[in-house]
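Q: You'll find model.cif just under this line, and it carries mmCIF, C-alpha atoms.
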data_query
loop_
_atom_site.label_atom_id
_atom_site.label_comp_id
_atom_site.auth_asym_id
_atom_site.auth_seq_id
_atom_site.Cartn_x
_atom_site.Cartn_y
_atom_site.Cartn_z
CA MET A 104 38.42 85.09 -0.76
CA SER A 105 34.74 84.71 -0.08
CA ASN A 106 33.64 87.45 2.31
CA ARG A 107 30.08 86.15 2.33
CA TYR A 108 30.99 82.90 4.09
CA VAL A 109 33.34 84.70 6.48
CA GLU A 110 30.64 87.17 7.42
CA MET A 111 28.20 84.32 8.06
CA GLY A 112 30.60 83.33 10.85
CA LEU A 113 32.92 80.35 10.99
CA ARG A 114 32.64 77.83 13.78
CA ALA A 115 36.29 78.39 14.67
CA PRO A 116 39.20 80.48 13.46
CA VAL A 117 41.20 79.16 10.52
CA ASN A 118 44.40 79.92 12.35
CA LEU A 119 45.37 81.11 15.78
CA THR A 120 48.22 83.42 16.73
CA TRP A 121 49.57 82.22 20.06
CA GLU A 122 52.14 84.31 21.86
CA VAL A 123 53.45 81.57 24.11
CA SER A 124 55.70 83.77 26.20
CA LEU A 125 56.68 87.37 26.56
CA ALA A 126 60.25 86.25 27.30
CA CYS A 127 62.79 87.31 24.70
CA ASN A 128 66.56 87.48 24.53
CA LEU A 129 66.34 90.49 22.18
CA ARG A 130 64.82 93.97 22.54
CA CYS A 131 63.86 94.83 18.95
CA THR A 132 62.65 98.38 18.48
CA THR A 133 59.71 97.22 16.32
CA CYS A 134 58.46 94.51 18.73
CA LEU A 135 54.66 94.49 18.69
CA SER A 136 54.42 93.08 22.22
CA ALA A 137 57.36 94.86 23.91
CA SER A 138 58.83 91.48 24.80
CA GLY A 139 61.66 91.01 27.26
CA GLU A 140 60.91 89.45 30.64
CA PRO A 141 58.25 86.71 30.81
CA ALA A 142 54.78 87.93 31.78
CA ALA A 143 53.57 87.18 35.32
CA GLY A 144 51.32 84.12 35.29
CA GLU A 145 52.09 82.73 31.85
CA LEU A 146 50.18 79.55 30.98
CA SER A 147 51.63 76.44 32.63
CA THR A 148 52.56 73.40 30.58
CA ALA A 149 49.32 71.66 31.58
CA GLU A 150 47.26 74.73 30.62
CA ALA A 151 49.10 75.05 27.31
CA LEU A 152 48.56 71.39 26.45
CA ASP A 153 44.90 71.69 27.38
CA LEU A 154 44.60 74.68 25.04
CA VAL A 155 46.08 72.61 22.19
CA GLU A 156 43.37 69.98 22.76
CA GLN A 157 40.66 72.67 22.84
CA VAL A 158 41.96 74.24 19.65
CA HIS A 159 42.01 70.82 18.01
CA GLN A 160 38.44 70.11 19.08
CA ALA A 161 37.39 73.50 17.69
CA GLY A 162 38.83 72.58 14.27
CA VAL A 163 41.58 75.22 13.98
CA PHE A 164 43.87 74.31 11.08
CA GLN A 165 47.04 76.10 12.06
CA ILE A 166 48.70 77.73 15.05
CA ASN A 167 51.15 80.55 14.42
CA PHE A 168 53.50 80.70 17.39
CA GLY A 169 55.15 83.94 18.38
CA GLY A 170 56.09 85.84 21.47
CA GLY A 171 58.56 86.75 22.78
CA GLU A 172 60.94 84.14 21.51
CA PRO A 173 58.97 80.86 21.55
CA PHE A 174 62.07 78.66 21.89
CA LEU A 175 62.82 80.24 25.27
CA ARG A 176 59.86 78.28 26.70
CA LYS A 177 61.31 75.07 28.09
CA ASP A 178 58.19 73.12 27.15
CA PHE A 179 57.81 74.60 23.69
CA GLU A 180 58.70 71.39 21.87
CA ASP A 181 56.15 69.53 24.04
CA ILE A 182 53.51 72.04 22.93
CA LEU A 183 54.54 71.56 19.30
CA GLU A 184 54.39 67.80 19.66
CA ALA A 185 50.87 68.03 21.08
CA CYS A 186 49.87 70.07 18.02
CA HIS A 187 51.50 67.76 15.52
CA THR A 188 50.10 64.52 16.97
CA ARG A 189 46.66 66.09 16.46
CA GLY A 190 47.47 67.10 12.87
CA ILE A 191 47.53 70.81 13.63
CA MET A 192 49.92 72.67 11.36
CA THR A 193 52.31 75.09 13.00
CA CYS A 194 54.31 78.12 11.98
CA ILE A 195 56.94 79.52 14.33
CA SER A 196 58.07 83.11 14.29
CA THR A 197 61.56 83.19 15.81
CA ASN A 198 64.51 85.54 16.01
CA GLY A 199 66.72 82.63 14.97
CA THR A 200 69.29 83.02 17.72
CA LEU A 201 68.46 79.68 19.37
CA ILE A 202 68.25 77.59 16.21
CA ASP A 203 70.78 74.79 15.79
CA ARG A 204 71.08 71.69 13.61
CA ARG A 205 69.70 69.24 16.17
CA LEU A 206 66.62 71.35 16.81
CA VAL A 207 66.02 71.70 13.07
CA GLU A 208 66.35 67.93 12.59
CA ARG A 209 63.73 67.31 15.28
CA LEU A 210 61.35 69.89 13.83
CA ALA A 211 61.84 68.71 10.23
CA ALA A 212 60.84 65.19 11.24
CA THR A 213 57.35 66.42 12.14
CA ARG A 214 56.62 67.65 8.56
CA LEU A 215 54.01 69.96 10.02
CA VAL A 216 56.08 73.00 10.85
CA ALA A 217 57.08 76.14 8.97
CA ILE A 218 59.50 78.73 10.33
CA GLN A 219 59.81 82.47 9.92
CA VAL A 220 63.10 84.04 10.96
CA SER A 221 62.85 87.74 11.69
CA MET A 222 65.38 89.99 9.93
CA ASP A 223 64.97 93.69 9.49
CA GLY A 224 67.52 94.67 6.89
CA ALA A 225 69.67 93.38 4.06
CA THR A 226 72.76 94.78 5.74
CA ARG A 227 74.24 94.06 9.16
CA GLU A 228 74.04 97.77 10.04
CA THR A 229 70.35 98.21 9.26
CA CYS A 230 69.24 94.92 10.81
CA ASP A 231 71.31 95.20 13.98
CA ALA A 232 70.19 98.81 14.55
CA ILE A 233 66.66 97.44 14.99
CA ARG A 234 67.31 93.97 16.44
CA GLY A 235 70.59 94.31 18.33
CA LYS A 236 74.30 93.76 17.75
CA GLY A 237 75.25 90.43 16.21
CA VAL A 238 71.67 89.38 15.42
CA PHE A 239 72.06 89.69 11.63
CA ASP A 240 74.85 87.08 11.58
CA LYS A 241 72.97 84.72 13.92
CA ALA A 242 69.84 84.97 11.78
CA ILE A 243 71.83 84.20 8.62
CA THR A 244 73.34 81.12 10.30
CA ALA A 245 69.85 79.94 11.33
CA LEU A 246 68.51 80.53 7.83
CA ARG A 247 71.34 78.48 6.29
CA ILE A 248 70.61 75.55 8.62
CA LEU A 249 66.88 75.79 7.91
CA ALA A 250 67.35 76.16 4.15
CA ALA A 251 69.28 72.88 4.14
CA SER A 252 66.32 71.13 5.77
CA SER A 253 62.84 70.29 4.48
CA ILE A 254 61.19 72.94 6.66
CA PRO A 255 59.41 75.67 4.67
CA THR A 256 61.34 78.74 5.76
CA SER A 257 60.96 82.44 5.24
CA ILE A 258 62.62 85.65 6.27
CA ASN A 259 60.09 87.88 8.01
CA THR A 260 60.83 91.56 7.65
CA VAL A 261 58.94 94.39 9.27
CA LEU A 262 58.89 97.28 6.79
CA THR A 263 60.32 100.45 8.34
CA ALA A 264 61.64 103.77 7.10
CA GLN A 265 65.15 102.44 7.66
CA ASN A 266 64.89 99.25 5.61
CA ALA A 267 62.33 100.23 2.96
CA ASP A 268 65.04 100.76 0.34
CA GLU A 269 66.59 97.37 1.16
CA ILE A 270 63.52 95.22 0.53
CA PRO A 271 64.52 94.28 -3.05
CA ALA A 272 67.97 93.33 -1.71
CA MET A 273 66.32 91.22 1.00
CA HIS A 274 64.27 89.51 -1.69
CA GLU A 275 67.49 88.68 -3.52
CA MET A 276 69.15 87.56 -0.28
CA ALA A 277 66.24 85.22 0.45
CA ARG A 278 66.48 83.79 -3.07
CA THR A 279 70.22 83.22 -2.66
CA LEU A 280 69.70 81.51 0.70
CA GLY A 281 66.94 79.32 -0.74
CA VAL A 282 64.13 80.64 1.44
CA SER A 283 61.20 82.94 0.78
CA LEU A 284 60.57 86.52 1.87
CA ARG A 285 57.61 87.68 3.90
CA VAL A 286 57.15 91.36 4.65
CA SER A 287 55.01 92.49 7.58
CA ARG A 288 53.53 95.83 8.30
CA PHE A 289 55.02 97.92 11.10
CA ARG A 290 52.23 98.76 13.53
CA PRO A 291 52.34 101.13 16.47
CA SER A 292 51.83 98.56 19.21
CA GLY A 293 54.19 97.37 21.95
CA ARG A 294 57.70 98.80 21.53
CA GLY A 295 56.63 99.77 18.03
CA ALA A 296 54.45 102.47 19.57
CA ASP A 297 57.43 103.98 21.42
CA ASN A 298 59.48 104.10 18.21
CA TRP A 299 56.65 104.83 15.80
CA GLU A 300 57.70 108.26 14.59
CA ALA A 301 61.32 107.23 14.08
CA LEU A 302 60.57 103.99 12.24
CA ARG A 303 57.29 104.44 10.41
CA PRO A 304 57.65 104.31 6.63
CA SER A 305 56.68 107.51 4.83
CA PRO A 306 53.66 107.55 2.48
CA ALA A 307 56.11 107.65 -0.45
CA GLN A 308 57.91 104.56 0.88
CA LEU A 309 54.61 102.72 1.38
CA LEU A 310 53.55 103.61 -2.14
CA ALA A 311 56.90 102.51 -3.61
CA PHE A 312 56.65 99.25 -1.66
CA SER A 313 53.12 98.67 -2.94
CA ASP A 314 54.35 99.16 -6.54
CA TRP A 315 57.29 96.81 -6.00
CA LEU A 316 55.02 94.22 -4.42
CA ALA A 317 52.77 94.29 -7.48
CA ASN A 318 55.63 92.78 -9.50
CA SER A 319 56.90 90.44 -6.80
CA GLY A 320 54.27 87.73 -6.68
CA ASP A 321 56.39 85.32 -4.67
CA VAL A 322 56.74 87.72 -1.73
CA ARG A 323 54.27 86.94 1.01
CA THR A 324 52.66 89.56 3.19
CA GLY A 325 50.21 87.61 5.32
CA ASP A 326 47.31 89.94 5.93
CA SER A 327 49.62 92.84 6.68
CA PHE A 328 49.31 94.83 3.50
CA PHE A 329 45.82 94.23 2.23
CA SER A 330 45.10 97.92 2.62
CA LEU A 331 48.06 98.61 0.32
CA THR A 332 47.63 95.72 -2.06
CA SER A 333 47.53 96.56 -5.73
CA GLN A 334 45.14 94.98 -8.23
CA GLU A 335 47.93 92.66 -9.42
CA ARG A 336 48.00 90.86 -6.10
CA GLN A 337 44.29 90.51 -5.55
CA GLY A 338 43.48 86.88 -4.99
CA LEU A 339 46.76 86.25 -3.16
CA GLY A 340 45.33 87.07 0.21
CA LEU A 341 42.67 88.77 2.24
CA ASN A 342 40.77 91.89 1.27
CA LEU A 343 39.45 92.48 4.75
CA CYS A 344 40.60 92.32 8.34
CA GLY A 345 40.38 88.68 9.45
CA ALA A 346 40.45 89.43 13.20
CA ALA A 347 37.71 87.51 15.06
CA LYS A 348 36.47 86.16 11.72
CA LEU A 349 39.32 83.98 10.42
CA THR A 350 41.88 84.40 13.14
CA CYS A 351 42.36 85.42 16.75
CA CYS A 352 45.13 85.72 19.28
CA VAL A 353 45.98 84.06 22.59
CA GLY A 354 48.39 85.96 24.78
CA PRO A 355 51.00 84.47 27.14
CA THR A 356 48.65 84.40 30.15
CA GLY A 357 45.70 82.88 28.30
CA ASN A 358 43.81 86.05 27.46
CA MET A 359 42.20 86.08 24.05
CA TYR A 360 42.20 89.07 21.69
CA PRO A 361 41.07 89.80 18.11
CA CYS A 362 44.68 89.99 16.91
CA ALA A 363 48.24 90.23 18.18
CA PHE A 364 48.30 93.98 17.66
CA LEU A 365 45.35 94.59 19.97
CA GLN A 366 46.50 92.87 23.16
CA THR A 367 45.10 95.43 25.56
CA ASP A 368 42.36 95.28 28.21
CA ARG A 369 40.09 97.29 25.91
CA PHE A 370 40.12 94.42 23.39
CA LYS A 371 40.28 91.44 25.75
CA ALA A 372 37.72 88.92 24.49
CA GLY A 373 38.06 86.58 27.46
CA SER A 374 40.41 84.48 29.58
CA LEU A 375 41.04 80.79 29.02
CA ARG A 376 41.26 80.50 32.80
CA GLU A 377 37.59 81.46 33.02
CA ASN A 378 36.04 80.14 29.80
CA THR A 379 36.85 77.62 27.10
CA PHE A 380 38.37 78.56 23.76
CA GLN A 381 35.10 77.70 21.99
CA GLU A 382 32.97 79.68 24.45
CA ILE A 383 35.08 82.78 23.96
CA TRP A 384 35.11 82.39 20.16
CA ASP A 385 31.32 81.93 20.09
CA SER A 386 30.21 84.43 22.71
CA SER A 387 32.71 87.24 23.19
CA GLU A 388 31.18 90.69 22.73
CA ILE A 389 34.51 92.00 21.50
CA TYR A 390 34.64 89.36 18.76
CA GLU A 391 31.04 90.08 17.88
CA SER A 392 31.84 93.77 17.50
CA PHE A 393 34.70 92.96 15.11
CA ARG A 394 32.47 90.67 13.08
CA ASN A 395 29.97 93.49 12.73
CA LEU A 396 32.56 96.18 12.10
CA ARG A 397 31.75 98.26 9.01
CA ILE A 398 34.00 101.18 8.16
CA HIS A 399 31.27 103.44 6.77
CA SER A 400 33.63 106.38 6.36
CA CYS A 401 35.53 104.39 3.71
CA GLU A 402 32.52 103.14 1.74
CA GLU A 403 32.73 105.91 -0.86
CA CYS A 404 36.38 105.14 -1.60
CA ASN A 405 37.07 103.50 -4.97
CA ARG A 406 39.31 100.95 -3.23
CA PHE A 407 36.73 99.92 -0.63
CA ASP A 408 36.18 96.51 -2.22
CA GLN A 409 39.91 95.90 -2.02
CA CYS A 410 40.47 96.69 1.65
CA HIS A 411 37.13 97.31 3.41
CA GLY A 412 38.69 100.04 5.52
CA GLY A 413 42.06 98.39 6.21
CA CYS A 414 43.60 97.50 9.55
CA PRO A 415 41.49 98.41 12.62
CA ALA A 416 44.57 98.00 14.85
CA VAL A 417 46.43 100.80 13.07
CA ALA A 418 43.27 102.93 13.17
CA TRP A 419 43.00 102.31 16.90
CA HIS A 420 46.63 103.00 17.76
CA LEU A 421 46.86 106.15 15.63
CA LYS A 422 43.36 107.61 15.95
CA ASN A 423 41.83 105.80 18.93
CA ASP A 424 38.95 104.78 16.66
CA ILE A 425 38.56 101.35 15.07
CA ASN A 426 35.68 102.72 12.98
CA GLY A 427 37.79 105.43 11.41
CA GLY A 428 39.49 103.53 8.63
CA ASP A 429 43.17 102.75 8.22
CA PRO A 430 45.10 106.06 8.33
CA GLU A 431 47.90 104.55 6.22
CA CYS A 432 45.96 102.87 3.41
CA LEU A 433 47.04 103.19 -0.22
CA GLU A 434 44.45 105.85 -1.01
CA ARG A 435 45.50 107.98 1.96
CA CYS A 436 49.17 107.62 0.98
CA VAL A 437 48.37 108.94 -2.49
CA THR A 438 46.32 111.81 -1.07
CA SER A 439 48.96 112.65 1.49
CA ILE A 440 51.70 112.84 -1.17
CA ALA A 441 49.49 114.98 -3.44
CA ASP A 442 48.73 117.35 -0.54
CA ALA A 443 52.42 117.63 0.32
CA ASN A 444 53.24 118.43 -3.31
CA LYS A 445 50.54 121.11 -3.42
CA THR A 446 51.85 122.69 -0.23
CA ALA A 447 55.40 122.64 -1.58
CA LYS A 448 54.26 124.28 -4.85
CA ALA A 449 52.30 126.97 -3.01
CA ALA A 450 55.32 127.78 -0.90
CA MET B 15 40.34 63.18 -12.76
CA ALA B 16 42.73 60.57 -11.45
CA ALA B 17 44.56 58.23 -13.81
CA ALA B 18 43.47 54.58 -13.97
CA GLY B 19 44.80 52.64 -10.96
CA ALA B 20 45.26 55.78 -8.94
CA GLY B 21 43.19 56.96 -6.03
CA ILE B 22 42.50 60.37 -4.60
CA ARG B 23 43.11 61.79 -1.15
CA LEU B 24 43.49 65.07 0.67
CA HIS B 25 46.90 66.66 0.03
CA PRO B 26 49.10 66.40 3.17
CA ALA B 27 49.48 70.19 3.22
CA CYS B 28 45.70 70.60 3.32
CA ARG B 29 43.01 70.30 5.95
CA VAL B 30 39.23 70.38 5.75
CA ARG B 31 36.42 70.92 8.22
CA GLN B 32 32.64 71.09 8.23
CA GLU B 33 31.01 74.49 8.35
CA GLY B 34 27.33 75.48 8.15
CA PHE B 35 27.55 76.14 4.40
CA GLY B 36 29.50 72.96 3.60
CA LEU B 37 33.25 72.30 3.64
CA LEU B 38 36.08 74.70 4.34
CA PHE B 39 39.40 73.62 2.80
CA TYR B 40 42.73 75.04 3.95
CA ASP B 41 46.03 74.79 2.11
CA ALA B 42 49.01 75.72 4.29
CA ARG B 43 51.23 76.19 1.21
CA GLY B 44 49.52 79.50 0.31
CA PRO B 45 47.93 79.70 2.69
CA ARG B 46 44.71 79.45 0.69
CA LEU B 47 41.10 78.80 1.61
CA LEU B 48 38.33 77.22 -0.41
CA PHE B 49 34.74 77.61 0.66
CA ALA B 50 32.69 74.78 -0.83
CA GLU B 51 28.92 74.98 -0.63
CA THR B 52 28.55 71.22 -0.44
CA GLY B 53 26.02 71.10 2.38
CA SER B 54 26.13 67.53 3.65
CA LEU B 55 26.88 66.01 0.23
CA LEU B 56 30.46 65.10 1.07
CA PRO B 57 31.44 63.85 4.55
CA VAL B 58 34.33 65.86 5.94
CA ASP B 59 36.65 62.87 6.34
CA PHE B 60 35.82 61.19 3.01
CA TYR B 61 39.15 62.01 1.34
CA GLY B 62 41.13 61.53 4.55
CA SER B 63 41.98 58.10 3.15
CA VAL B 64 42.65 57.05 -0.45
CA ARG B 65 39.45 56.74 -2.50
CA GLY B 66 38.93 55.30 -5.94
CA LYS B 67 38.04 57.83 -8.62
CA ASP B 68 34.55 56.35 -8.99
CA GLU B 69 33.99 55.95 -5.27
CA PHE B 70 31.24 58.11 -3.78
CA PRO B 71 29.62 58.47 -0.38
CA GLU B 72 26.61 56.20 -0.04
CA GLY B 73 23.12 57.32 -0.93
CA LEU B 74 23.89 59.89 -3.65
CA THR B 75 21.66 60.30 -6.69
CA GLU B 76 23.18 60.23 -10.20
CA ASN B 77 22.96 64.02 -10.42
CA GLN B 78 24.69 64.41 -7.08
CA LYS B 79 27.43 62.02 -8.22
CA LYS B 80 27.97 64.10 -11.38
CA ALA B 81 28.14 67.31 -9.32
CA LEU B 82 30.59 65.69 -6.94
CA GLN B 83 32.78 64.44 -9.80
CA LYS B 84 33.01 67.99 -11.14
CA PHE B 85 33.84 69.33 -7.69
CA VAL B 86 36.53 66.69 -7.13
CA ALA B 87 38.10 67.62 -10.49
CA GLN B 88 38.28 71.24 -9.26
CA LEU B 89 39.85 70.20 -5.97
CA LEU B 90 42.48 68.18 -7.86
CA GLU B 91 43.21 71.08 -10.17
CA LYS B 92 43.58 73.49 -7.26
CA GLY B 93 45.82 71.07 -5.37
CA PHE B 94 43.58 70.42 -2.36
CA LEU B 95 43.32 66.76 -3.39
CA ARG B 96 46.07 64.73 -4.99
CA GLU B 97 46.35 61.46 -6.84
CA GLN B 98 47.93 58.60 -5.00
CA SER B 99 48.54 54.95 -5.78
CA LEU B 100 45.75 52.67 -4.55
CA CYS B 101 48.16 49.98 -3.35
#
Output the file's structure as structure tokens, nothing else.

A:
Amino acid sequence: MSNRYVEMGLRAPVNLTWEVSLACNLRCTTCLSASGEPAAGELSTAEALDLVEQVHQAGVFQINFGGGEPFLRKDFEDILEACHTRGIMTCISTNGTLIDRRLVERLAATRLVAIQVSMDGATRETCDAIRGKGVFDKAITALRILAASSIPTSINTVLTAQNADEIPAMHEMARTLGVSLRVSRFRPSGRGADNWEALRPSPAQLLAFSDWLANSGDVRTGDSFFSLTSQERQGLGLNLCGAAKLTCCVGPTGNMYPCAFLQTDRFKAGSLRENTFQEIWDSSEIYESFRNLRIHSCEECNRFDQCHGGCPAVAWHLKNDINGGDPECLERCVTSIADANKTAKAA
Amino acid sequence: MAAAGAGIRLHPACRVRQEGFGLLFYDARGPRLLFAETGSLLPVDFYGSVRGKDEFPEGLTENQKKALQKFVAQLLEKGFLREQSLC
């Protein structure tokens, strides 16, 4: 990863996270956007197709679709088709409940789509406690259909206190199904904020996961765990927050944000109903502030070169300060465990 | 470099675009990025179609051709370009 070129500023994001709808047929306790009912004033089909053309003109390589459940949008396949005819690669994050063979056949024919099916435990009990009754079985059915197709497929798991011990079993389950495993970081946004204390992994769990990840090179983490990434995985991904530098987010109503975990008015970079995608990318003050963000309080840390202060979204949600450094980085996990041990000894 | 009779083109899982510093390559299989300080040496769409292994953009000096050959070998090794039959 070449930070120098990123810091010089790219003419467009490499990829775009697009939450096409807030509508969802599930109510997962970890949901970053508190999805359920569609948002008022979601982008129309014409607006969505216009955005695809703008994104294409900007030179974005890939759109990562999420929500909500993207397949609940009636025009979602039209949006995908508009992407694929322009050569834009797509990745769809879905709960898997609406996947069937005919849909998979249509998507496989495009050769430009990858799919992530969300699953939050290796057992029915763990997964359904987070995602709802019967969801584990539906997700497994979807994964079997997808695994039999040519679509690159992964299980996407949000690491929580409840499923942390099941991650190796999920890795094995993915291998058995013939798909890959991707683990995402649980962040306190959306419904995740309401359930933060109950679901957040402990420092010991985060540390154990980081160790396990070091020996599991085929497990993907996106940019979720760069603040926890061990030396063994350096080179597999980012070593800095890519928000507003390599990526950005479009919400259901056309508002743009630095990332999906910062979809609040405080971090609104602009509205596609008022400005073009390129104008917002080039001129937003919010994006500019993220590009210039330096976590000075972390500069003395021996891991600074590996994470550059970690995830600003976690820092914001937990400390109300994007300049404060990631409160759950690897170094702070180690310190927190050492402090707890000292306290226990003293007692 | 490519075998005799074979051409070179961008891998279908990859994309490339022009940036101020040169070319930015993207490989969706990783995903991986490659920042190439090529300036305007290599047009962005040059390997969008199959090119012969000794085919270069017009107007390059011998030194530039050598540098480009080395760069293309790297792109092949990293999987951003792939060999493909010319016919």

Q: Which residues of region 110-144 of chain A come within 12 Å of region 253-271 of chain A, and for each one, what is the closest pair of atoms and their distance in Å to one decimal, counting only C-alpha atoms, sorted by chain and residue number, as CSV?

A:
residue,atom,partner,partner_atom,distance
A:Cys131,CA,A:Val261,CA,10.9
A:Thr132,CA,A:Thr263,CA,10.6
A:Thr133,CA,A:Val261,CA,7.6
A:Cys134,CA,A:Val261,CA,9.5
A:Leu135,CA,A:Val261,CA,10.3

Q: Using all atoms listed in the file, pick whichever of B:Leu47, B:Arg65, B:Arg31, B:Tyr40 has the shortest atom-to-atom distance to Ser99 (chain B).

A: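 For Ser99 (chain B), the nearest of the candidates is B:Arg65.
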
Q: Nearest to Gly21 (chain B): which of B:Leu82, B:Leu56, B:Ala50, B:Leu95 is it, counting all atoms listed in the file?

A: B:Leu95

Q: Could you jot down the CA of Ala250 (chain A) to CA of Ala27 (chain B) separation for me, Å, one decimal place?

A: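 Straight-line distance from CA of Ala250 (chain A) to CA of Ala27 (chain B) works out to 18.9 Å.
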
Q: Work out how far apart CA of Leu89 (chain B) and CA of Ser54 (chain B) are and give it in Å to one decimal.

A: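 Value for the CA of Leu89 (chain B)-CA of Ser54 (chain B) distance: 17.0 Å.
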
Q: Find the residues of chain B in contact range of chain A, meaning any atom within 8 Å when counting only C-alpha atoms, and list them as a VMD selection string.

A: chain B and resid 29 31 33 to 35 40 42 46 to 49

Q: Which residues match the PyMOL selection byres ((chain A and resi 138) around 10) in the file above, as a list in words?

A: Ser124, Leu125, Ala126, Cys127, Asn128, Leu129, Arg130, Cys131, Cys134, Leu135, Ser136, Ala137, Gly139, Glu140, Pro141, Ala142, Gly170, Gly171, Glu172, Gly293 and Arg294 of chain A

Q: Carefully work through the PyMOL selection byres ((chain B and resi 69-72) around 10) for this structure and note down the residues it includes, as a ChimeraX atom specification.

A: /B:21-22,55-57,60,64-68,73-75,78-79,82-83

Q: Could the residues in this selection be written to a file with C-alpha atoms, as a CSV table (one decimal), in the coordinates of the input?

A:
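Output file again_2.csv follows:
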chain,number,residue,atom,x,y,z
B,21,GLY,CA,43.2,57.0,-6.0
B,22,ILE,CA,42.5,60.4,-4.6
B,55,LEU,CA,26.9,66.0,0.2
B,56,LEU,CA,30.5,65.1,1.1
B,57,PRO,CA,31.4,63.8,4.6
B,60,PHE,CA,35.8,61.2,3.0
B,64,VAL,CA,42.6,57.0,-0.4
B,65,ARG,CA,39.4,56.7,-2.5
B,66,GLY,CA,38.9,55.3,-5.9
B,67,LYS,CA,38.0,57.8,-8.6
B,68,ASP,CA,34.6,56.4,-9.0
B,73,GLY,CA,23.1,57.3,-0.9
B,74,LEU,CA,23.9,59.9,-3.6
B,75,THR,CA,21.7,60.3,-6.7
B,78,GLN,CA,24.7,64.4,-7.1
B,79,LYS,CA,27.4,62.0,-8.2
B,82,LEU,CA,30.6,65.7,-6.9
B,83,GLN,CA,32.8,64.4,-9.8

Q: Nearest to Phe393 (chain A): which of A:Ala307, A:Ala301, A:Ala143, A:Cys362 is it, counting only C-alpha atoms?

A: A:Cys362

Q: For His25 (chain B), which residue among B:Glu76, B:Tyr61, B:Leu38, B:Ala87 is the nearest when counting all atoms listed in the file?

A: B:Tyr61

Q: Can you give me N, CA and C atoms for region 130-143 of chain A, written as a PDB file, keeping the file's coordinate frame?

A:
ATOM      1  N   ARG A 130      65.687  92.816  22.213  1.00  0.00           N
ATOM      2  CA  ARG A 130      64.820  93.970  22.540  1.00  0.00           C
ATOM      3  C   ARG A 130      64.606  94.793  21.265  1.00  0.00           C
ATOM      4  N   CYS A 131      64.023  94.173  20.246  1.00  0.00           N
ATOM      5  CA  CYS A 131      63.860  94.830  18.950  1.00  0.00           C
ATOM      6  C   CYS A 131      62.976  96.071  19.073  1.00  0.00           C
ATOM      7  N   THR A 132      63.362  97.103  18.347  1.00  0.00           N
ATOM      8  CA  THR A 132      62.650  98.380  18.480  1.00  0.00           C
ATOM      9  C   THR A 132      61.261  98.334  17.832  1.00  0.00           C
ATOM     10  N   THR A 133      61.018  97.328  16.992  1.00  0.00           N
ATOM     11  CA  THR A 133      59.710  97.220  16.320  1.00  0.00           C
ATOM     12  C   THR A 133      58.764  96.269  17.045  1.00  0.00           C
ATOM     13  N   CYS A 134      59.210  95.622  18.126  1.00  0.00           N
ATOM     14  CA  CYS A 134      58.460  94.510  18.730  1.00  0.00           C
ATOM     15  C   CYS A 134      57.008  94.899  19.075  1.00  0.00           C
ATOM     16  N   LEU A 135      56.079  94.170  18.519  1.00  0.00           N
ATOM     17  CA  LEU A 135      54.660  94.490  18.690  1.00  0.00           C
ATOM     18  C   LEU A 135      54.180  94.254  20.111  1.00  0.00           C
ATOM     19  N   SER A 136      54.893  93.388  20.878  1.00  0.00           N
ATOM     20  CA  SER A 136      54.420  93.080  22.220  1.00  0.00           C
ATOM     21  C   SER A 136      55.396  93.547  23.310  1.00  0.00           C
ATOM     22  N   ALA A 137      56.387  94.358  22.936  1.00  0.00           N
ATOM     23  CA  ALA A 137      57.360  94.860  23.910  1.00  0.00           C
ATOM     24  C   ALA A 137      57.947  93.728  24.749  1.00  0.00           C
ATOM     25  N   SER A 138      58.325  92.660  24.085  1.00  0.00           N
ATOM     26  CA  SER A 138      58.830  91.480  24.800  1.00  0.00           C
ATOM     27  C   SER A 138      60.158  91.726  25.489  1.00  0.00           C
ATOM     28  N   GLY A 139      60.427  90.912  26.486  1.00  0.00           N
ATOM     29  CA  GLY A 139      61.660  91.010  27.260  1.00  0.00           C
ATOM     30  C   GLY A 139      61.613  89.976  28.368  1.00  0.00           C
ATOM     31  N   GLU A 140      61.100  90.383  29.527  1.00  0.00           N
ATOM     32  CA  GLU A 140      60.910  89.450  30.640  1.00  0.00           C
ATOM     33  C   GLU A 140      59.601  88.674  30.417  1.00  0.00           C
ATOM     34  N   PRO A 141      59.526  87.426  30.932  1.00  0.00           N
ATOM     35  CA  PRO A 141      58.250  86.710  30.810  1.00  0.00           C
ATOM     36  C   PRO A 141      57.140  87.450  31.565  1.00  0.00           C
ATOM     37  N   ALA A 142      55.910  87.300  31.090  1.00  0.00           N
ATOM     38  CA  ALA A 142      54.780  87.930  31.780  1.00  0.00           C
ATOM     39  C   ALA A 142      54.498  87.165  33.074  1.00  0.00           C
ATOM     40  N   ALA A 143      53.968  87.865  34.088  1.00  0.00           N
ATOM     41  CA  ALA A 143      53.570  87.180  35.320  1.00  0.00           C
ATOM     42  C   ALA A 143      52.382  86.276  35.016  1.00  0.00           C
TER      43      ALA A 143
END
